[in-house]
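Written out below as structure tokens is the structure these notes cover.
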Amino acid sequence: RSGTPPAKLTSSKAFTDIFTMRSILSLGLTALAATTSAVSAETTIAVLEFGPGGSVHRTTSSTTESSSAAVSSFWNALHRPSKRSSGQNTGMSIVPDLFKKADAGIVIGLQGKSLESMPIAKSFLGEGAAVDNVVGHIHVPGQAGADLMKLASSKDVEMVSKEDMGGRLQSTAETAARGAIDGMEALSFTVDNEDVAAVADEGLGRMFKALKKQAATNGKTVVVHLVMDSTRRRLDENNQNGEGENQNNNNGYAYNYRTMYEIQNFNLFLWTAVGLLTILFMVISAFINMQLFPDTLLYGETKMAD
């Protein structure tokens, strides 16, 4: 009798320990999964417009997420309208104007492990206070910067070295401000250390200042697409998007422009309805104005009966 209770207590204690360990392990895995899902890699495209403007507009879309194909269609519609095989994808947060086109376009790709050391570039990505000339942002899930740069140009994308960064950005800004760029010009920068990040960030700052001044002076509209890989927390992004949209609506920066797909559908339904109503009125009018005369069949049967 004296030996049985301790055995039961030992087995019960072992069962409790195993259950506790499994519970802790389950909670740890759940927390890890939640952290992994909350933090995700993405590529952000900041769209900046210099000069008279009016070539791109924000829409009332509730999301800024898109795909590489959609971004490519947006670039084609904005900068290469004669080469696009189809219209822009629907549901995007930024659309090109139907009538006013940009005089020049520049795509700048930033990739590398020291992107966090570029405060000027990060300020244009919407992290912090609003920046002038920023029309809006497009977010592509995953590290899609390299693929987007390939889609930006039919030629090989120019990889700019550290020594040529400042001069190349400045010359590109001057060429674009004159409207001398045919379609888009794509430049790619690899930021592997803080020294390169500082040089690239300073060059971008000087480039944007030059564009802001020279594009306005020359009366040319220049659109810059800043492509940058980054990570973010989805919950924070949703909150920031909501606050940003409210702020933009209050400031009058959100425009209720329709996409080409919506315009085409509207015209299709409108003129189809007009055509059907016209046919209906013509039929009713024909019945009203129909000439009255005796029915020959009934009239013949009546004469035969007589």
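Chain labels A, B, ... are given in the sequence in which chains occur in the structure tokens; within each chain residues are numbered consecutively from 1, and ligands are likewise numbered from 1 in the order shown.
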(request) Within 10 Å of region 168-183 of chain A, counting only C-alpha atoms, which residues show up once you throw out same-chain ones fewer than 3 positions away? Write them as a PyMOL selection string, please. (result) chain A and resi 50-51+75-76+78-81+102-106+108+153+160-161+163-165+186-187+200+203-224
(message) List the spatial neighbours of region 41-44 of chain A as an MDAnalysis selection string - criterion: any atom at most 12 Å away, only C-alpha atoms, same-chain residues fewer than 5 positions off excluded.
(response) chainID A and resid 36 64:68 71 108:111 121:122 124:127 136:149 225:234 237
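Shortest separation to Val134 (chain A) among A:Ile288, A:Leu277, A:Val199, A:Ala46 occurs at residue A:Ala46, atoms counted being only C-alpha atoms.
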(message) Report, in Å with one decimal, the straight-line distance from CA of Asp201 (chain A) to CA of Leu48 (chain A).
(response)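 Taking CA of Asp201 (chain A) and CA of Leu48 (chain A), their separation equals 16.0 Å.
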(message) Taking only C-alpha atoms into account, name the residue in A:Glu116, A:Asp192, A:Glu262, A:Asp97 that is nearest to Arg58 (chain A).
(response) A:Asp97
(message) Run DSSP on the backbone and tell me which residues of region 110-226 of chain A come out as helix (DSSP H, G or I); list them as JSON, numbers by chain.
(response) {"A": [115, 116, 117, 119, 120, 121, 122, 123, 145, 146, 147, 148, 149, 150, 151, 152, 165, 166, 167, 168, 169, 170, 171, 172, 173, 174, 175, 176, 177, 194, 195, 196, 197, 198, 199, 200, 201, 202, 203, 204, 205, 206, 207, 208, 209, 210, 211, 212, 213, 214, 215, 216, 217, 218]}
(message) For the structure I just gave you, how does DSSP split region 82-202 of chain A - specifically, which residues are strand (DSSP E or B)? Reply as a ChimeraX atom specification.
(response) /A:94-96,104-111,134-141,158-159,184-190
Please produce a file of those selected residues containing N, CA and C atoms, as a short mmCIF file (atom, residue, chain, number, x, y, z; two decimals), in the first residue's frame.
```
data_model
loop_
_atom_site.label_atom_id
_atom_site.label_comp_id
_atom_site.auth_asym_id
_atom_site.auth_seq_id
_atom_site.Cartn_x
_atom_site.Cartn_y
_atom_site.Cartn_z
N ILE A 94 -2.56 54.31 -58.47
CA ILE A 94 -2.06 55.42 -59.29
C ILE A 94 -2.35 55.10 -60.75
N VAL A 95 -2.83 56.09 -61.50
CA VAL A 95 -3.14 55.88 -62.92
C VAL A 95 -2.61 57.06 -63.72
N PRO A 96 -2.25 56.83 -64.99
CA PRO A 96 -1.83 57.95 -65.85
C PRO A 96 -3.02 58.75 -66.35
N ALA A 104 9.17 62.96 -69.82
CA ALA A 104 10.31 62.06 -69.58
C ALA A 104 10.03 61.22 -68.35
N GLY A 105 10.63 60.04 -68.30
CA GLY A 105 10.48 59.14 -67.16
C GLY A 105 11.81 58.55 -66.74
N ILE A 106 12.01 58.41 -65.45
CA ILE A 106 13.25 57.86 -64.90
C ILE A 106 12.88 56.80 -63.88
N VAL A 107 13.47 55.62 -64.00
CA VAL A 107 13.30 54.56 -63.02
C VAL A 107 14.63 54.34 -62.31
N ILE A 108 14.64 54.50 -61.00
CA ILE A 108 15.86 54.35 -60.20
C ILE A 108 15.66 53.17 -59.27
N GLY A 109 16.48 52.13 -59.42
CA GLY A 109 16.40 50.95 -58.58
C GLY A 109 17.49 50.95 -57.52
N LEU A 110 17.09 50.73 -56.29
CA LEU A 110 18.03 50.68 -55.16
C LEU A 110 17.96 49.30 -54.53
N GLN A 111 19.08 48.61 -54.53
CA GLN A 111 19.15 47.27 -53.97
C GLN A 111 20.42 47.13 -53.13
N VAL A 134 5.62 63.84 -54.30
CA VAL A 134 5.27 62.42 -54.23
C VAL A 134 3.78 62.27 -54.53
N VAL A 135 3.47 61.58 -55.63
CA VAL A 135 2.07 61.36 -56.01
C VAL A 135 1.47 60.21 -55.21
N GLY A 136 2.23 59.14 -55.04
CA GLY A 136 1.74 57.98 -54.30
C GLY A 136 2.75 56.85 -54.32
N HIS A 137 2.33 55.70 -53.80
CA HIS A 137 3.22 54.55 -53.67
C HIS A 137 2.52 53.28 -54.17
N ILE A 138 3.33 52.36 -54.66
CA ILE A 138 2.85 51.05 -55.08
C ILE A 138 3.70 50.02 -54.36
N HIS A 139 3.06 49.02 -53.75
CA HIS A 139 3.77 47.97 -53.01
C HIS A 139 3.61 46.64 -53.74
N VAL A 140 4.73 46.00 -54.02
CA VAL A 140 4.75 44.69 -54.66
C VAL A 140 5.30 43.68 -53.65
N PRO A 141 4.55 42.64 -53.30
CA PRO A 141 5.05 41.65 -52.33
C PRO A 141 6.32 40.97 -52.83
N GLU A 158 21.36 49.96 -66.81
CA GLU A 158 22.70 50.48 -66.51
C GLU A 158 22.99 50.36 -65.02
N MET A 159 24.06 49.62 -64.69
CA MET A 159 24.51 49.51 -63.31
C MET A 159 25.54 50.60 -63.04
N MET A 184 11.47 55.96 -71.08
CA MET A 184 12.01 55.88 -69.73
C MET A 184 13.50 55.55 -69.79
N GLU A 185 14.22 56.04 -68.79
CA GLU A 185 15.62 55.66 -68.60
C GLU A 185 15.74 54.97 -67.25
N ALA A 186 16.38 53.81 -67.23
CA ALA A 186 16.47 53.00 -66.01
C ALA A 186 17.91 52.99 -65.49
N LEU A 187 18.07 53.31 -64.21
CA LEU A 187 19.36 53.30 -63.54
C LEU A 187 19.25 52.41 -62.31
N SER A 188 20.27 51.58 -62.09
CA SER A 188 20.25 50.66 -60.95
C SER A 188 21.48 50.89 -60.08
N PHE A 189 21.26 50.91 -58.77
CA PHE A 189 22.35 51.13 -57.82
C PHE A 189 22.37 49.98 -56.82
N THR A 190 23.56 49.46 -56.57
CA THR A 190 23.75 48.42 -55.56
C THR A 190 24.39 49.06 -54.34
#
```
(request) Could you tell me how far CA of Lys155 (chain A) lies from CA of Glu49 (chain A), in Å and to one decimal? (result)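 These two atoms are separated by 24.0 Å.
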(request) Kindly give the distance, in Å, that separates CA of Ser55 (chain A) and CA of Phe74 (chain A), rounded to a single decimal. (result)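 The value is 12.0 Å.
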(request) Would you mind telling me which residue in A:Phe99, A:Ser285, A:Lys150, A:Leu280 lies nearest to Ala69 (chain A) when using only C-alpha atoms? (result) A:Lys150
